[in-house]
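Visitor: If you scroll down you'll find the structure; I have some questions about it.
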There are 4 protein chains.
Amino acid sequence: MDGTGPDPGRRNPRSRDRILQATRELVTDHGFGALSIEAIAARAGVGKQTIYRWWPGKGAVVFDAILAANENPAGRIDLPDTGDIDADLRTVLRATVAEFADPVFSAPLRALYVELLTDPALAADYRARLEGPMTEAKLRRLRGAQAAGQIDDDADLDLVVDLLYAPLTQRWLLGTGPLDEEFADRLVAAALRAARPGQ
Amino acid sequence: MDGTGPDPGRRNPRSRDRILQATRELVTDHGFGALSIEAIAARAGVGKQTIYRWWPGKGAVVFDAILAANENPAGRIDLPDTGDIDADLRTVLRATVAEFADPVFSAPLRALYVELLTDPALAADYRARLEGPMTEAKLRRLRGAQAAGQIDDDADLDLVVDLLYAPLTQRWLLGTGPLDEEFADRLVAAALRAARPGQ
Amino acid sequence: MDGTGPDPGRRNPRSRDRILQATRELVTDHGFGALSIEAIAARAGVGKQTIYRWWPGKGAVVFDAILAANENPAGRIDLPDTGDIDADLRTVLRATVAEFADPVFSAPLRALYVELLTDPALAADYRARLEGPMTEAKLRRLRGAQAAGQIDDDADLDLVVDLLYAPLTQRWLLGTGPLDEEFADRLVAAALRAARPGQ
Amino acid sequence: MDGTGPDPGRRNPRSRDRILQATRELVTDHGFGALSIEAIAARAGVGKQTIYRWWPGKGAVVFDAILAANENPAGRIDLPDTGDIDADLRTVLRATVAEFADPVFSAPLRALYVELLTDPALAADYRARLEGPMTEAKLRRLRGAQAAGQIDDDADLDLVVDLLYAPLTQRWLLGTGPLDEEFADRLVAAALRAARPGQ
DNA sequence: GATTAAGCGAGACGGTACGTCGCGTCTTCCA
DNA sequence: TGGAAGACGCGACGTACCGTCTCGCTTAATC
């Protein structure tokens, strides 16, 4: 499975950082169109081969660029827990709305989505390394609410996560409606209504 | 509105049909990667210029290819209405699940989504000419259910549409979970729970 | 041989003139590169078909444009004849030098040469309708000089014409040397020296 | 001299040779019309960019193809010198007549002439790298004849070169007369008559 | 300390597709 | 029915990137 790739110990971390930095800058400043391997290599002052040596393609570079930017020293993501699931979800979804509105965050992510749609291997990686941990954190918080009796014991928590986030993502990607705090709040209310105790 | 484009009266409808047909065939048989303007032109037996004359780019061609395939002589889409909103929505969402599973339907649509993410003008067109009418049909059916007392009078119907469809679309695009009739049913149940009368 | 072409009686002379005029203007003002059938038709306010109906190609149009500009009502060209062949040839060659220096004359002619090199049929037409009569006029004048004893009776007059004009044309086309009145004079002197009486 | 172009040290000589070879083959076998950058690239098994990287255009490629075919290891061209200028020039002009009659030689050259007429930069290159050295060789031989008293000391040798070659080239390009050994001989005789000693 | 085997910057290479231009043919509609 | 207009199938243009490759050069690990 491995052994065939190059020795990571020999990798130049300086080049890696410059590549990921250049990727973020390009996509933020000049849009998706400007994002080519050649442009990344040129801006990073790096040979193209150095990119192809460590990543299978443009999508993987963008993915790592996003991961590197969001790097969490603690290693584990957790949603806030004030004991009030309603307020906590509102906080989190409002934060997500704010991120979608910020090009520094959303431009690379949108570029990543484009690649995800056409590259199943990359999509699997995305689910495993980004979507998975995030969903797990959300599920943990919802399980806490469940234990606290704020959510029905039989509620389908995976579905609740979908109800909370899919509409948000869809509006961001397609612009099918306003994407503001009010929408975040209504989404939280609706999702919790669907999952409230006593069915 | 424009007046700058070429005279549509001079357009050769035979070429138009062959282009849209070729587009559907290419994307269904050989995937997104095979979908280039050159490939479409070659398969359709048409000059590239004939494509560029009538469409601004690949995305617009794919869009028209999808619209032409779904062309409804009646002109107006309507959801089934048996009087039972729960059953009707299950029917419709199960049908959507089936469509997503059918490459003839889903392959061109996925190609369209890729273009939508990078082309705001195309996205606006998509919302106006495809997403809009579909959403309107869904809203009509939900309003009927509201009048019949199956949905709360104060329910936010736009939000209900999002709750029903966004999770479906997301699972289709990213593969974040199983996409089957059971999921459709649970989605309908959850959305209706969030909107049921008496808050 | 004919009968297949369109009836010349029905031809619109106004269109013809505008096409030839547009051809001259384009090549003079914007160079060879600007000379396309499409550009001629557009500038002349004429349909492309009208050009293709009456000319086989771009070269033939340029040829007619040049012929029309040099149209001689008398129909017959004649070199000056003062009785002094030396002076007369100098006059004529100096005039040719001046023409080559004038873009209004030389730009269309250069465009014609380009076509001549790649189109044998056009070249044949050129020899018959332009080069032939001109050479004939030159030969007439040389024969007069022969009769007057200024040129050897056995001189090869065709060759003399070549000696006089080919170097001129070559310098004009390739820029292989200065092209001025002094060169014209030296050319005349040399050609006459090669043909002078008493061998 | 430039410094702006790509590093010639990195150039693949194998590709260069195949491009020039393909150019000669195309123009000889299929005529000028078949000579497109795309056709050259295809026949040479080379990317188009590899041509555009090293040559500014089709004309320059043809030029190099001709130069490469005529490559002289000695580096310096010289006309035969038997001591008899008349005989030597006849030999050389007869050889030129033969070359013009041989498509392997004349087809690429004719293609080059077409380009020369429309590209001043290429024409300058042609004069410097092909016409110049050839003319210089001819002048050397004529100077030898001058020293031997076969040509007048005051003769304008540049003009003699023009008298010898321009009529030949003109007949070849335009077909304005027979182009055979007899014509070559007459040309030599006339030019030498114009330059013979004692005026 | 010398050797050696990566990684690396650079960029040429064979390709594919781009979006544009002009070709010569055709069709439509007007005078 | 000639002509203005221009759509059409086609082929070539010159450019942008793709992913692979081949160069010297550093640079770290091994002898």
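Labels for the structure tokens follow display order: chains A, B, ..., residues from 1 in each chain, ligands from 1.
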Provide as a PDB file with N, CA and C atoms (P, O5', C5', C4', C3', O3' and C1' of nucleotides), in the first residue's frame the residues of chain F at most 9 Å from chain D, counting only C-alpha atoms (C1' of nucleotides).
Guide:
ATOM      1  P    DA F  12      -6.054  21.670 -41.626  1.00  0.00           P
ATOM      2  O5'  DA F  12      -5.347  22.898 -40.873  1.00  0.00           O
ATOM      3  C5'  DA F  12      -5.183  24.111 -41.574  1.00  0.00           C
ATOM      4  C4'  DA F  12      -5.121  25.257 -40.577  1.00  0.00           C
ATOM      5  C3'  DA F  12      -4.077  25.073 -39.475  1.00  0.00           C
ATOM      6  O3'  DA F  12      -2.985  25.959 -39.761  1.00  0.00           O
ATOM      7  C1'  DA F  12      -6.177  25.971 -38.663  1.00  0.00           C
ATOM      8  P    DC F  13      -1.810  26.192 -38.769  1.00  0.00           P
ATOM      9  O5'  DC F  13      -2.345  27.384 -37.878  1.00  0.00           O
ATOM     10  C5'  DC F  13      -2.775  28.585 -38.507  1.00  0.00           C
ATOM     11  C4'  DC F  13      -3.377  29.513 -37.483  1.00  0.00           C
ATOM     12  C3'  DC F  13      -2.485  29.755 -36.282  1.00  0.00           C
ATOM     13  O3'  DC F  13      -1.868  31.016 -36.440  1.00  0.00           O
ATOM     14  C1'  DC F  13      -4.756  29.338 -35.621  1.00  0.00           C
ATOM     15  P    DG F  14      -0.310  31.146 -36.063  1.00  0.00           P
ATOM     16  O5'  DG F  14      -0.366  31.315 -34.477  1.00  0.00           O
ATOM     17  C5'  DG F  14      -0.908  32.528 -33.958  1.00  0.00           C
ATOM     18  C4'  DG F  14      -1.280  32.363 -32.505  1.00  0.00           C
ATOM     19  C3'  DG F  14      -0.111  31.971 -31.577  1.00  0.00           C
ATOM     20  O3'  DG F  14      -0.184  32.765 -30.417  1.00  0.00           O
ATOM     21  C1'  DG F  14      -1.901  30.496 -31.314  1.00  0.00           C
ATOM     22  P    DT F  15       0.678  32.479 -29.112  1.00  0.00           P
ATOM     23  O5'  DT F  15      -0.417  31.847 -28.145  1.00  0.00           O
ATOM     24  C5'  DT F  15      -1.588  32.588 -27.848  1.00  0.00           C
ATOM     25  C4'  DT F  15      -2.270  32.007 -26.632  1.00  0.00           C
ATOM     26  C3'  DT F  15      -1.336  31.727 -25.452  1.00  0.00           C
ATOM     27  O3'  DT F  15      -1.972  32.203 -24.266  1.00  0.00           O
ATOM     28  C1'  DT F  15      -2.486  29.745 -26.072  1.00  0.00           C
ATOM     29  P    DC F  23      18.982  14.187 -19.705  1.00  0.00           P
ATOM     30  O5'  DC F  23      19.383  15.726 -19.692  1.00  0.00           O
ATOM     31  C5'  DC F  23      20.300  16.166 -18.747  1.00  0.00           C
ATOM     32  C4'  DC F  23      19.840  17.500 -18.188  1.00  0.00           C
ATOM     33  C3'  DC F  23      20.823  18.061 -17.176  1.00  0.00           C
ATOM     34  O3'  DC F  23      21.728  18.908 -17.860  1.00  0.00           O
ATOM     35  C1'  DC F  23      18.541  18.366 -16.491  1.00  0.00           C
TER      36       DC F  23
END
Visitor: Near chain B, meaning an atom within 9 Å, which residues of chain E appear when counting only C-alpha atoms (C1' of nucleotides)? Write them as a ChimeraX atom specification.
Guide: /E:17-20,28
Visitor: Residues of the last selection are to be written out with N, CA, C and O atoms (P, O5', C5', C4', C3', O3' and C1' of nucleotides), as a PDB file, in the first residue's frame.
Guide:
ATOM      1  P    DA E  17      -9.768  16.209 -25.515  1.00  0.00           P
ATOM      2  O5'  DA E  17     -10.109  17.761 -25.424  1.00  0.00           O
ATOM      3  C5'  DA E  17     -10.166  18.361 -24.141  1.00  0.00           C
ATOM      4  C4'  DA E  17     -10.072  19.868 -24.285  1.00  0.00           C
ATOM      5  C3'  DA E  17     -11.107  20.481 -25.245  1.00  0.00           C
ATOM      6  O3'  DA E  17     -12.082  21.154 -24.437  1.00  0.00           O
ATOM      7  C1'  DA E  17      -8.914  21.470 -25.454  1.00  0.00           C
ATOM      8  P    DC E  18     -13.198  22.081 -25.022  1.00  0.00           P
ATOM      9  O5'  DC E  18     -12.446  23.471 -24.996  1.00  0.00           O
ATOM     10  C5'  DC E  18     -11.897  23.945 -23.770  1.00  0.00           C
ATOM     11  C4'  DC E  18     -11.101  25.203 -24.035  1.00  0.00           C
ATOM     12  C3'  DC E  18     -11.889  26.279 -24.771  1.00  0.00           C
ATOM     13  O3'  DC E  18     -12.348  27.230 -23.832  1.00  0.00           O
ATOM     14  C1'  DC E  18      -9.653  26.039 -25.631  1.00  0.00           C
ATOM     15  P    DG E  19     -13.835  27.776 -23.913  1.00  0.00           P
ATOM     16  O5'  DG E  19     -13.700  28.918 -25.025  1.00  0.00           O
ATOM     17  C5'  DG E  19     -12.939  30.082 -24.682  1.00  0.00           C
ATOM     18  C4'  DG E  19     -12.528  30.823 -25.940  1.00  0.00           C
ATOM     19  C3'  DG E  19     -13.707  31.250 -26.842  1.00  0.00           C
ATOM     20  O3'  DG E  19     -13.473  32.576 -27.280  1.00  0.00           O
ATOM     21  C1'  DG E  19     -12.139  30.058 -28.069  1.00  0.00           C
ATOM     22  P    DT E  20     -14.389  33.319 -28.352  1.00  0.00           P
ATOM     23  O5'  DT E  20     -13.418  33.447 -29.613  1.00  0.00           O
ATOM     24  C5'  DT E  20     -12.105  33.939 -29.421  1.00  0.00           C
ATOM     25  C4'  DT E  20     -11.426  34.117 -30.765  1.00  0.00           C
ATOM     26  C3'  DT E  20     -12.319  34.749 -31.845  1.00  0.00           C
ATOM     27  O3'  DT E  20     -11.567  35.751 -32.500  1.00  0.00           O
ATOM     28  C1'  DT E  20     -11.454  32.668 -32.604  1.00  0.00           C
ATOM     29  P    DT E  28     -34.460  27.758 -46.268  1.00  0.00           P
ATOM     30  O5'  DT E  28     -34.777  29.232 -45.740  1.00  0.00           O
ATOM     31  C5'  DT E  28     -34.071  29.780 -44.650  1.00  0.00           C
ATOM     32  C4'  DT E  28     -34.217  31.294 -44.670  1.00  0.00           C
ATOM     33  C3'  DT E  28     -35.525  31.799 -45.288  1.00  0.00           C
ATOM     34  O3'  DT E  28     -36.054  32.818 -44.477  1.00  0.00           O
ATOM     35  C1'  DT E  28     -33.706  32.864 -46.298  1.00  0.00           C
TER      36       DT E  28
END
Visitor: Quick one: residues within 9 Å of Tyr165 of chain D, only C-alpha atoms (C1' of nucleotides) counted, chain neighbours fewer than 2 positions away excluded, as a ChimeraX atom specification?
Guide: /C:166-167 /D:93,160-163,167-170,187
Visitor: Take the residues from that selection and write them out as a PDB file, in the first residue's frame, keeping N, CA, C and O atoms.
Guide:
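As a result, part_4.pdb now contains:
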ATOM      1  N   ALA C 166      13.294  42.296 -64.181  1.00  0.00           N
ATOM      2  CA  ALA C 166      13.390  41.301 -63.115  1.00  0.00           C
ATOM      3  C   ALA C 166      14.184  41.806 -61.908  1.00  0.00           C
ATOM      4  O   ALA C 166      13.757  41.626 -60.763  1.00  0.00           O
ATOM      5  N   PRO C 167      15.352  42.465 -62.134  1.00  0.00           N
ATOM      6  CA  PRO C 167      16.079  42.958 -60.956  1.00  0.00           C
ATOM      7  C   PRO C 167      15.277  43.992 -60.173  1.00  0.00           C
ATOM      8  O   PRO C 167      15.319  44.019 -58.939  1.00  0.00           O
TER       9      PRO C 167
ATOM     10  N   LEU D  93      24.576  28.563 -63.343  1.00  0.00           N
ATOM     11  CA  LEU D  93      23.186  28.901 -63.651  1.00  0.00           C
ATOM     12  C   LEU D  93      22.417  27.689 -64.154  1.00  0.00           C
ATOM     13  O   LEU D  93      21.228  27.555 -63.878  1.00  0.00           O
ATOM     14  N   VAL D 160      25.627  43.006 -61.718  1.00  0.00           N
ATOM     15  CA  VAL D 160      25.819  41.805 -62.540  1.00  0.00           C
ATOM     16  C   VAL D 160      25.145  40.598 -61.890  1.00  0.00           C
ATOM     17  O   VAL D 160      24.473  39.801 -62.551  1.00  0.00           O
ATOM     18  N   VAL D 161      25.312  40.490 -60.574  1.00  0.00           N
ATOM     19  CA  VAL D 161      24.639  39.389 -59.861  1.00  0.00           C
ATOM     20  C   VAL D 161      23.133  39.465 -60.080  1.00  0.00           C
ATOM     21  O   VAL D 161      22.479  38.452 -60.361  1.00  0.00           O
ATOM     22  N   ASP D 162      22.577  40.660 -59.957  1.00  0.00           N
ATOM     23  CA  ASP D 162      21.141  40.827 -60.169  1.00  0.00           C
ATOM     24  C   ASP D 162      20.751  40.425 -61.591  1.00  0.00           C
ATOM     25  O   ASP D 162      19.747  39.742 -61.808  1.00  0.00           O
ATOM     26  N   LEU D 163      21.551  40.878 -62.570  1.00  0.00           N
ATOM     27  CA  LEU D 163      21.234  40.569 -63.967  1.00  0.00           C
ATOM     28  C   LEU D 163      21.250  39.063 -64.207  1.00  0.00           C
ATOM     29  O   LEU D 163      20.447  38.540 -64.980  1.00  0.00           O
ATOM     30  N   PRO D 167      16.338  37.439 -63.384  1.00  0.00           N
ATOM     31  CA  PRO D 167      15.483  36.899 -64.451  1.00  0.00           C
ATOM     32  C   PRO D 167      15.196  35.411 -64.250  1.00  0.00           C
ATOM     33  O   PRO D 167      14.085  34.941 -64.517  1.00  0.00           O
ATOM     34  N   LEU D 168      16.188  34.695 -63.754  1.00  0.00           N
ATOM     35  CA  LEU D 168      16.015  33.269 -63.507  1.00  0.00           C
ATOM     36  C   LEU D 168      14.914  33.045 -62.460  1.00  0.00           C
ATOM     37  O   LEU D 168      13.969  32.263 -62.654  1.00  0.00           O
ATOM     38  N   THR D 169      15.045  33.730 -61.350  1.00  0.00           N
ATOM     39  CA  THR D 169      14.088  33.588 -60.250  1.00  0.00           C
ATOM     40  C   THR D 169      12.687  33.976 -60.708  1.00  0.00           C
ATOM     41  O   THR D 169      11.693  33.309 -60.382  1.00  0.00           O
ATOM     42  N   GLN D 170      12.630  35.068 -61.458  1.00  0.00           N
ATOM     43  CA  GLN D 170      11.315  35.546 -61.903  1.00  0.00           C
ATOM     44  C   GLN D 170      10.606  34.509 -62.771  1.00  0.00           C
ATOM     45  O   GLN D 170       9.411  34.240 -62.597  1.00  0.00           O
ATOM     46  N   LEU D 187      21.521  34.161 -70.571  1.00  0.00           N
ATOM     47  CA  LEU D 187      21.609  35.096 -69.466  1.00  0.00           C
ATOM     48  C   LEU D 187      23.075  35.398 -69.128  1.00  0.00           C
ATOM     49  O   LEU D 187      23.466  36.563 -68.954  1.00  0.00           O
TER      50      LEU D 187
END
Visitor: Could you write out, as a count of residues only, all the residues of segment 122-160 of chain D that DSSP marks as helix (DSSP H, G or I)?
Guide: 30
Visitor: Write down, as a JSON list (two decimals) with C-alpha atoms, in the first residue's frame, each residue of chain B that has any atom within 9 Å of an atom of chain A, counting only C-alpha atoms.
Guide:
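So the final result, stored in iface-v4.json, reads:
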[["chain", "number", "residue", "atom", "x", "y", "z"],
["B", 32, "PHE", "CA", -17.69, 14.30, -17.21],
["B", 33, "GLY", "CA", -14.16, 14.09, -18.43],
["B", 110, "ARG", "CA", -23.85, 16.24, -11.91],
["B", 111, "ALA", "CA", -21.96, 17.76, -14.81],
["B", 113, "TYR", "CA", -23.60, 21.11, -10.85],
["B", 114, "VAL", "CA", -19.86, 21.27, -11.50],
["B", 115, "GLU", "CA", -20.44, 24.17, -13.86],
["B", 116, "LEU", "CA", -22.90, 25.87, -11.55],
["B", 117, "LEU", "CA", -20.30, 26.07, -8.79],
["B", 118, "THR", "CA", -17.91, 28.05, -10.96],
["B", 120, "PRO", "CA", -22.55, 32.56, -11.24],
["B", 123, "ALA", "CA", -26.27, 29.46, -11.56],
["B", 124, "ALA", "CA", -28.69, 32.38, -11.85],
["B", 126, "TYR", "CA", -30.44, 27.53, -13.27],
["B", 127, "ARG", "CA", -32.34, 29.04, -10.38],
["B", 131, "GLU", "CA", -34.89, 25.27, -9.62],
["B", 132, "GLY", "CA", -37.51, 28.04, -9.46],
["B", 156, "ASP", "CA", -42.16, 28.37, 6.79],
["B", 159, "LEU", "CA", -37.69, 26.09, 4.74],
["B", 160, "VAL", "CA", -39.69, 22.86, 4.50],
["B", 162, "ASP", "CA", -35.06, 22.96, 1.84],
["B", 163, "LEU", "CA", -35.38, 20.41, 4.63],
["B", 164, "LEU", "CA", -36.84, 17.91, 2.20],
["B", 165, "TYR", "CA", -34.47, 18.32, -0.71],
["B", 166, "ALA", "CA", -31.13, 19.67, 0.48],
["B", 167, "PRO", "CA", -30.19, 16.52, 2.44],
["B", 168, "LEU", "CA", -31.15, 14.40, -0.53],
["B", 169, "THR", "CA", -29.04, 16.42, -2.93],
["B", 170, "GLN", "CA", -26.12, 16.51, -0.56],
["B", 171, "ARG", "CA", -26.00, 12.77, -0.15],
["B", 173, "LEU", "CA", -23.41, 14.80, -4.60],
["B", 174, "LEU", "CA", -21.00, 13.87, -1.83],
["B", 175, "GLY", "CA", -22.02, 10.35, -0.93],
["B", 176, "THR", "CA", -22.19, 11.29, 2.74],
["B", 183, "PHE", "CA", -33.90, 7.76, 3.76],
["B", 186, "ARG", "CA", -37.41, 9.47, 7.11],
["B", 187, "LEU", "CA", -36.75, 12.82, 5.49],
["B", 189, "ALA", "CA", -41.35, 12.27, 8.31],
["B", 190, "ALA", "CA", -38.84, 14.66, 9.85],
["B", 191, "ALA", "CA", -39.82, 17.60, 7.67],
["B", 192, "LEU", "CA", -43.49, 17.11, 8.38],
["B", 193, "ARG", "CA", -42.80, 16.76, 12.09],
["B", 194, "ALA", "CA", -41.05, 20.11, 11.97],
["B", 195, "ALA", "CA", -44.06, 21.64, 10.25],
["B", 199, "GLN", "CA", -46.41, 24.03, 16.15]]
Visitor: Write out as number ranges by chain each polymer residue whose atoms come within 7 Å of Arg94 of chain D, counting only C-alpha atoms (C1' of nucleotides); drop sequence neighbours fewer than 4 positions from it.
Guide: D: 90, 98, 181, 184
Visitor: May I have the residues within 10 Å of DA5 of chain E as a PDB file with C-alpha atoms (C1' of nucleotides), in the first residue's frame, using only C-alpha atoms (C1' of nucleotides) and disregarding those fewer than 6 positions away in the same chain?
Guide:
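File produced: out_16.pdb:
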ATOM      1  C1'  DA F  28      21.090  14.905   4.169  1.00  0.00           C
ATOM      2  C1'  DA F  29      22.412  10.133   5.234  1.00  0.00           C
ATOM      3  C1'  DT F  30      25.900   6.499   4.616  1.00  0.00           C
TER       4       DT F  30
END
Visitor: Which residues come within 10 Å of DT22 of chain F, counting only C-alpha atoms (C1' of nucleotides), excluding same-chain residues fewer than 4 positions away, as a list in words?
Guide: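 Residues meeting the cut-off are Arg10 of chain D; DG11, DA12 and DC13 of chain E.
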Visitor: Can I get the selected residues back with N, CA, C and O atoms (P, O5', C5', C4', C3', O3' and C1' of nucleotides), as a PDB file, in the first residue's frame?
Guide:
ATOM      1  N   ARG D  10      18.562  23.472 -23.621  1.00  0.00           N
ATOM      2  CA  ARG D  10      17.553  22.490 -23.221  1.00  0.00           C
ATOM      3  C   ARG D  10      16.836  21.881 -24.420  1.00  0.00           C
ATOM      4  O   ARG D  10      15.992  21.010 -24.272  1.00  0.00           O
TER       5      ARG D  10
ATOM      6  P    DG E  11      12.786  28.547 -16.008  1.00  0.00           P
ATOM      7  O5'  DG E  11      12.425  27.400 -17.043  1.00  0.00           O
ATOM      8  C5'  DG E  11      13.473  26.666 -17.685  1.00  0.00           C
ATOM      9  C4'  DG E  11      12.839  25.464 -18.342  1.00  0.00           C
ATOM     10  C3'  DG E  11      11.550  25.776 -19.136  1.00  0.00           C
ATOM     11  O3'  DG E  11      11.588  25.096 -20.356  1.00  0.00           O
ATOM     12  C1'  DG E  11      11.241  23.952 -17.791  1.00  0.00           C
ATOM     13  P    DA E  12      11.708  25.884 -21.728  1.00  0.00           P
ATOM     14  O5'  DA E  12      11.973  24.708 -22.779  1.00  0.00           O
ATOM     15  C5'  DA E  12      13.148  23.919 -22.665  1.00  0.00           C
ATOM     16  C4'  DA E  12      12.867  22.484 -23.075  1.00  0.00           C
ATOM     17  C3'  DA E  12      11.946  22.320 -24.277  1.00  0.00           C
ATOM     18  O3'  DA E  12      12.481  21.323 -25.140  1.00  0.00           O
ATOM     19  C1'  DA E  12      11.060  21.136 -22.406  1.00  0.00           C
ATOM     20  P    DC E  13      11.794  21.031 -26.547  1.00  0.00           P
ATOM     21  O5'  DC E  13      10.738  19.903 -26.232  1.00  0.00           O
ATOM     22  C5'  DC E  13      11.216  18.589 -25.885  1.00  0.00           C
ATOM     23  C4'  DC E  13      10.079  17.709 -25.452  1.00  0.00           C
ATOM     24  C3'  DC E  13       8.883  17.687 -26.412  1.00  0.00           C
ATOM     25  O3'  DC E  13       9.052  16.601 -27.306  1.00  0.00           O
ATOM     26  C1'  DC E  13       8.227  17.651 -24.095  1.00  0.00           C
TER      27       DC E  13
END
Visitor: List as a PyMOL selection string the protein and nucleic acid residues near Asp7 of chain B, meaning an atom at most 10 Å away when only C-alpha atoms (C1' of nucleotides) are counted, but skip any in the same chain fewer than 4 places from it.
Guide: (chain B and resi 3+11+54) or (chain F and resi 6-7)
Visitor: Any idea what the distance is between atom CA of Asn12 of chain D and atom C1' of DG24 of chain F?
Guide: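 Calculated distance between atom CA of Asn12 of chain D and atom C1' of DG24 of chain F is 16.5 Å.
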Visitor: Which residue, C:Ser15, C:Thr135, C:Gln150, C:Thr96, has the smallest gap to Thr50 of chain C when you use only C-alpha atoms?
Guide: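 Among the listed residues, the smallest separation from Thr50 of chain C belongs to C:Ser15.
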Visitor: Measure the distance from atom C1' of DG22 of chain E to atom C1' of DA5 of chain F in Å and round it to one decimal.
Guide: 16.8 Å
Visitor: When distances are computed from only C-alpha atoms, which of B:Leu142, B:Trp55, B:Leu157, B:Asp119 shows the smallest separation from Asp86 of chain B?
Guide: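 Among the listed residues, the smallest separation from Asp86 of chain B belongs to B:Leu142.
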Visitor: Rounded to one decimal, what separation in Å do you get between atom CA of Ala147 of chain B and atom CA of Leu89 of chain B?
Guide: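 Straight-line distance from atom CA of Ala147 of chain B to atom CA of Leu89 of chain B works out to 16.1 Å.
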